[in-house]
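The file target.txt comes next; it holds compact mmCIF, C-alpha atoms.
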# COMPACT_ATOMS: atom_id res chain seq x y z
CA MET A 1 0.00 0.00 0.00
CA GLN A 2 1.22 3.49 -0.80
CA ILE A 3 0.34 6.45 1.40
CA ILE A 4 0.58 9.77 -0.37
CA GLU A 5 0.53 12.76 1.94
CA SER A 6 -0.50 16.12 0.57
CA PRO A 7 -0.98 19.48 2.28
CA LYS A 8 -3.91 20.20 -0.05
CA ILE A 9 -7.33 20.30 1.61
CA TYR A 10 -10.32 19.16 -0.43
CA ASP A 11 -13.96 20.14 0.04
CA ALA A 12 -15.08 16.55 -0.55
CA ILE A 13 -13.57 13.14 -1.18
CA ILE A 14 -15.51 10.76 -3.42
CA VAL A 15 -14.81 7.06 -2.89
CA GLY A 16 -15.23 5.16 -6.15
CA SER A 17 -15.30 6.35 -9.74
CA GLY A 18 -18.29 4.35 -10.96
CA ALA A 19 -21.66 5.78 -11.96
CA GLY A 20 -22.53 7.11 -8.49
CA GLY A 21 -19.09 8.45 -7.69
CA GLY A 22 -18.66 9.87 -11.16
CA MET A 23 -21.98 11.71 -11.03
CA ALA A 24 -21.34 12.98 -7.49
CA THR A 25 -17.95 14.26 -8.63
CA LYS A 26 -19.47 16.01 -11.66
CA ILE A 27 -22.23 17.73 -9.71
CA LEU A 28 -20.01 18.85 -6.82
CA ALA A 29 -17.20 20.05 -9.12
CA GLU A 30 -19.69 22.02 -11.25
CA ALA A 31 -20.93 23.61 -8.01
CA GLY A 32 -17.39 24.85 -7.41
CA LEU A 33 -16.14 22.36 -4.84
CA ASP A 34 -12.58 21.07 -4.94
CA ILE A 35 -12.92 17.28 -5.21
CA ALA A 36 -10.57 14.33 -4.76
CA VAL A 37 -11.64 10.94 -6.15
CA VAL A 38 -10.08 7.79 -4.73
CA GLU A 39 -10.43 4.40 -6.35
CA ALA A 40 -9.96 0.93 -4.89
CA GLY A 41 -8.52 -0.61 -8.01
CA PRO A 42 -6.30 -0.13 -11.03
CA ASN A 43 -6.88 1.65 -14.31
CA PHE A 44 -8.41 -0.52 -17.03
CA ASP A 45 -7.40 0.03 -20.62
CA PRO A 46 -9.51 -2.05 -23.04
CA GLN A 47 -6.90 -1.50 -25.78
CA ASP A 48 -4.15 -3.11 -23.71
CA PRO A 49 -3.98 -6.75 -24.88
CA LYS A 50 -2.67 -7.82 -21.46
CA GLN A 51 -5.78 -6.41 -19.77
CA MET A 52 -8.39 -7.17 -22.44
CA THR A 53 -8.96 -10.88 -22.09
CA GLN A 54 -12.55 -11.29 -23.23
CA LEU A 55 -11.82 -12.04 -26.88
CA LYS A 56 -9.23 -14.77 -26.42
CA TRP A 57 -9.58 -18.42 -27.35
CA PRO A 58 -10.13 -21.05 -24.60
CA TRP A 59 -6.73 -22.63 -25.23
CA GLU A 60 -5.07 -19.29 -24.41
CA SER A 61 -6.05 -19.64 -20.76
CA PRO A 62 -2.98 -20.11 -18.58
CA ARG A 63 -5.01 -22.56 -16.47
CA ARG A 64 -6.93 -24.20 -19.32
CA GLY A 65 -10.21 -23.69 -17.48
CA ALA A 66 -9.03 -24.65 -13.98
CA ASN A 67 -10.35 -22.62 -11.04
CA ASN A 68 -8.96 -19.16 -10.60
CA HIS A 69 -9.59 -15.97 -8.63
CA ARG A 70 -11.85 -14.34 -11.24
CA ALA A 71 -15.61 -14.68 -10.78
CA PHE A 72 -16.25 -15.39 -14.47
CA GLY A 73 -13.00 -17.16 -15.35
CA ASP A 74 -9.81 -16.13 -17.09
CA PHE A 75 -11.63 -14.12 -19.69
CA ASP A 76 -13.39 -11.79 -17.27
CA SER A 77 -11.96 -8.28 -17.43
CA ALA A 78 -13.41 -7.22 -14.08
CA TYR A 79 -11.24 -6.50 -11.10
CA GLY A 80 -13.69 -7.34 -8.35
CA GLY A 81 -16.43 -9.85 -7.72
CA TRP A 82 -19.49 -10.86 -5.74
CA GLU A 83 -17.49 -11.33 -2.55
CA ILE A 84 -14.32 -9.40 -1.87
CA ASP A 85 -12.22 -10.28 1.17
CA GLY A 86 -12.11 -7.49 3.72
CA GLU A 87 -14.84 -5.40 2.11
CA PRO A 88 -17.55 -4.29 4.55
CA TYR A 89 -20.48 -5.61 2.54
CA THR A 90 -23.39 -6.96 4.52
CA LYS A 91 -26.88 -8.19 3.86
CA THR A 92 -29.80 -8.94 6.14
CA GLU A 93 -29.87 -12.51 7.35
CA GLY A 94 -32.27 -14.63 5.31
CA THR A 95 -32.00 -12.44 2.19
CA GLU A 96 -30.42 -13.39 -1.10
CA PHE A 97 -29.29 -10.03 -2.45
CA ASP A 98 -25.83 -9.96 -4.02
CA TRP A 99 -24.10 -6.96 -5.56
CA PHE A 100 -21.15 -7.27 -7.92
CA ARG A 101 -18.39 -4.77 -7.16
CA SER A 102 -15.68 -3.80 -9.62
CA HIS A 103 -12.52 -2.47 -8.04
CA MET A 104 -11.19 -0.62 -11.07
CA LEU A 105 -11.20 2.88 -12.47
CA GLY A 106 -14.79 3.46 -13.61
CA GLY A 107 -16.23 0.74 -11.35
CA ARG A 108 -19.18 -1.23 -12.67
CA THR A 109 -19.69 1.20 -15.54
CA ASN A 110 -17.07 -0.92 -17.31
CA HIS A 111 -19.65 -3.73 -17.43
CA TRP A 112 -22.99 -2.09 -18.11
CA GLY A 113 -22.73 -2.54 -21.88
CA ARG A 114 -24.52 0.76 -22.57
CA ILE A 115 -27.82 -0.81 -21.52
CA SER A 116 -29.74 1.66 -19.42
CA LEU A 117 -33.40 0.77 -19.17
CA ARG A 118 -35.83 3.25 -17.66
CA PHE A 119 -38.52 2.27 -15.21
CA GLY A 120 -41.87 2.73 -16.96
CA PRO A 121 -45.12 4.24 -15.65
CA LYS A 122 -46.37 0.85 -14.37
CA ASP A 123 -43.09 0.20 -12.51
CA PHE A 124 -43.79 3.20 -10.29
CA LYS A 125 -47.40 2.12 -9.65
CA ARG A 126 -47.18 -1.69 -9.40
CA LYS A 127 -49.90 -1.96 -6.74
CA ASN A 128 -52.38 -0.42 -9.19
CA THR A 129 -51.35 -3.04 -11.77
CA ASP A 130 -51.12 -6.30 -9.81
CA GLY A 131 -52.14 -5.42 -6.25
CA LEU A 132 -48.70 -6.34 -4.86
CA GLY A 133 -46.36 -4.13 -2.85
CA ASP A 134 -46.81 -0.40 -2.68
CA ASN A 135 -46.92 2.33 -5.26
CA TRP A 136 -44.01 4.74 -5.30
CA PRO A 137 -44.89 8.21 -4.00
CA ILE A 138 -43.67 9.61 -7.35
CA SER A 139 -44.59 8.79 -10.94
CA TYR A 140 -42.66 8.21 -14.15
CA GLU A 141 -43.59 11.73 -15.25
CA ASP A 142 -41.85 13.12 -12.13
CA VAL A 143 -38.61 11.30 -13.03
CA LYS A 144 -38.75 11.60 -16.84
CA PRO A 145 -36.86 14.94 -17.06
CA TYR A 146 -33.97 13.38 -15.11
CA TYR A 147 -33.92 10.26 -17.30
CA ASP A 148 -33.80 12.57 -20.34
CA LYS A 149 -30.94 14.59 -18.86
CA VAL A 150 -28.89 11.48 -18.04
CA ASP A 151 -29.52 9.94 -21.48
CA LYS A 152 -28.11 13.08 -23.11
CA LEU A 153 -25.17 13.25 -20.72
CA ILE A 154 -23.89 9.67 -20.90
CA GLY A 155 -24.97 8.61 -24.38
CA VAL A 156 -27.26 5.58 -24.53
CA PHE A 157 -27.57 3.44 -27.66
CA GLY A 158 -31.03 2.28 -28.64
CA SER A 159 -34.02 2.77 -30.87
CA LYS A 160 -37.49 4.14 -30.28
CA GLU A 161 -39.86 1.20 -29.95
CA ASN A 162 -43.05 2.93 -28.69
CA MET A 163 -43.78 0.20 -26.12
CA ALA A 164 -46.30 1.10 -23.42
CA ASN A 165 -44.21 0.45 -20.30
CA GLU A 166 -40.75 0.71 -21.90
CA PRO A 167 -40.33 4.47 -22.33
CA ASP A 168 -38.24 5.73 -25.19
CA GLY A 169 -35.38 8.05 -24.41
CA PHE A 170 -32.72 10.01 -26.23
CA PHE A 171 -30.66 7.46 -28.12
CA LEU A 172 -27.41 7.53 -30.02
CA PRO A 173 -27.36 5.61 -33.30
CA ALA A 174 -26.10 2.04 -33.00
CA PRO A 175 -22.32 1.85 -33.22
CA LYS A 176 -20.54 -0.16 -35.89
CA PRO A 177 -19.47 -3.58 -34.57
CA ARG A 178 -15.81 -3.57 -33.61
CA LEU A 179 -13.17 -5.48 -31.71
CA HIS A 180 -10.96 -3.69 -29.23

Give the structure from this file in structure tokens form.
Amino acid sequence: MQIIESPKIYDAIIVGSGAGGGMATKILAEAGLDIAVVEAGPNFDPQDPKQMTQLKWPWESPRRGANNHRAFGDFDSAYGGWEIDGEPYTKTEGTEFDWFRSHMLGGRTNHWGRISLRFGPKDFKRKNTDGLGDNWPISYEDVKPYYDKVDKLIGVFGSKENMANEPDGFFLPAPKPRLH
């Protein structure tokens, strides 16, 4: 571990550079705060053939499929997993909720594949639809302007489908298929 001491004082320190940390950093920096972002893992460069392992052939595995430390095998580019030793991740006894954490620059945004589905009007008012659970105290229309803003900010690929409970957003045209 390396400890870097600096006399500089920051207004806020953001832990993690994923979607939440990245957005918090953007908003606070735009408001004029001096921000430091710390990350638990290394940089990930998808153009570095040593780091980009997802497009290799099975026989290129150094373990030929034997168990390893990566949750999805040798060809998983994530630095992280479902359970990370020493991380203070808890869940209520009797529940089965797991959350994948990526300890790498950009966090889980490295794995979202540009899929960003909106909740639709029925998702906010499920009790009205099937009688189960509770309705949210807000509606899709309350959240729509924020979905629109995020779509424009991050760039989401897709096409307008005009499906009742799958709201259309602001989409980029589909990219050309490519290999890294």

Q: Could you give me, as a ChimeraX atom specification, the residues that sit within 12 Å of (-13.0, -10.0, -0.3) in the file's coordinates, counting all atoms listed in the file?
A: /A:69-71,79-90,100-103

Q. Which one of A:Asp123, A:Leu117, A:Asp130, A:Lys176 sits closest to Val156 of chain A if you count all atoms listed in the file?
A.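 Of A:Asp123, A:Leu117, A:Asp130, A:Lys176, the one nearest Val156 of chain A is A:Leu117, counting all atoms listed in the file.
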
(Q) Just the number, please: distance in Å from atom CA of Asp34 of chain A to atom CA of Ala12 of chain A, one decimal. (A)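 These atoms are spaced 6.8 Å apart.
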
Q | Point-to-point distance in Å for atom CA of Pro121 of chain A and atom CA of Ile138 of chain A | A | 10.0 Å

Q | Between atom CA of Gly106 of chain A and atom CA of Ala36 of chain A, distance in Å (one decimal) | A |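 Straight-line distance from atom CA of Gly106 of chain A to atom CA of Ala36 of chain A works out to 14.6 Å.
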
Q | Residue contacts of Ser159 of chain A (9 Å, only C-alpha atoms) excluding same-chain residues fewer than 5 positions away, as a list in words | A | Asp168, Gly169, Phe170, Phe171, Leu172, Pro173 and Ala174 of chain A

Write to file, as a PDB file, keeping the file's coordinate frame, the residues of the selection just made, with C-alpha atoms.
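Saved file again-v2.pdb follows:
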ATOM      1  CA  ASP A 168     -38.240   5.730 -25.190  1.00  0.00           C
ATOM      2  CA  GLY A 169     -35.380   8.050 -24.410  1.00  0.00           C
ATOM      3  CA  PHE A 170     -32.720  10.010 -26.230  1.00  0.00           C
ATOM      4  CA  PHE A 171     -30.660   7.460 -28.120  1.00  0.00           C
ATOM      5  CA  LEU A 172     -27.410   7.530 -30.020  1.00  0.00           C
ATOM      6  CA  PRO A 173     -27.360   5.610 -33.300  1.00  0.00           C
ATOM      7  CA  ALA A 174     -26.100   2.040 -33.000  1.00  0.00           C
TER       8      ALA A 174
END

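The shell of residues at most 8 Å from Met104 of chain A, with only C-alpha atoms counted and near chain neighbours (fewer than 6 positions) removed, consists of Glu39, Ala40, Gly41, Pro42, Asn43, Phe44, Ala78, Tyr79 and Gly80 of chain A.
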
Q) Around (-43.1, 6.8, -9.5) in the file's frame, which residues reach within 9 Å when counting all atoms listed in the file? Return as a list in words? A) Phe119, Gly120, Pro121, Lys122, Asp123, Phe124, Lys125, Asn135, Trp136, Pro137, Ile138, Ser139, Tyr140, Glu141, Asp142 and Val143 of chain A

Q) For Gly22 of chain A, which residue among A:Ile3, A:Leu153, A:Ile9, A:Val37 is the nearest when counting all atoms listed in the file? A)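 For Gly22 of chain A, the nearest of the given residues is A:Val37.
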
Per-axis box centre and lengths in Å around segment 91-105 of chain A, 6 Å margin per side, axis-aligned, as AutoDock Vina command-line options:
--center_x -21.7 --center_y -5.9 --center_z -2.6 --size_x 33.1 --size_y 29.5 --size_z 31.8
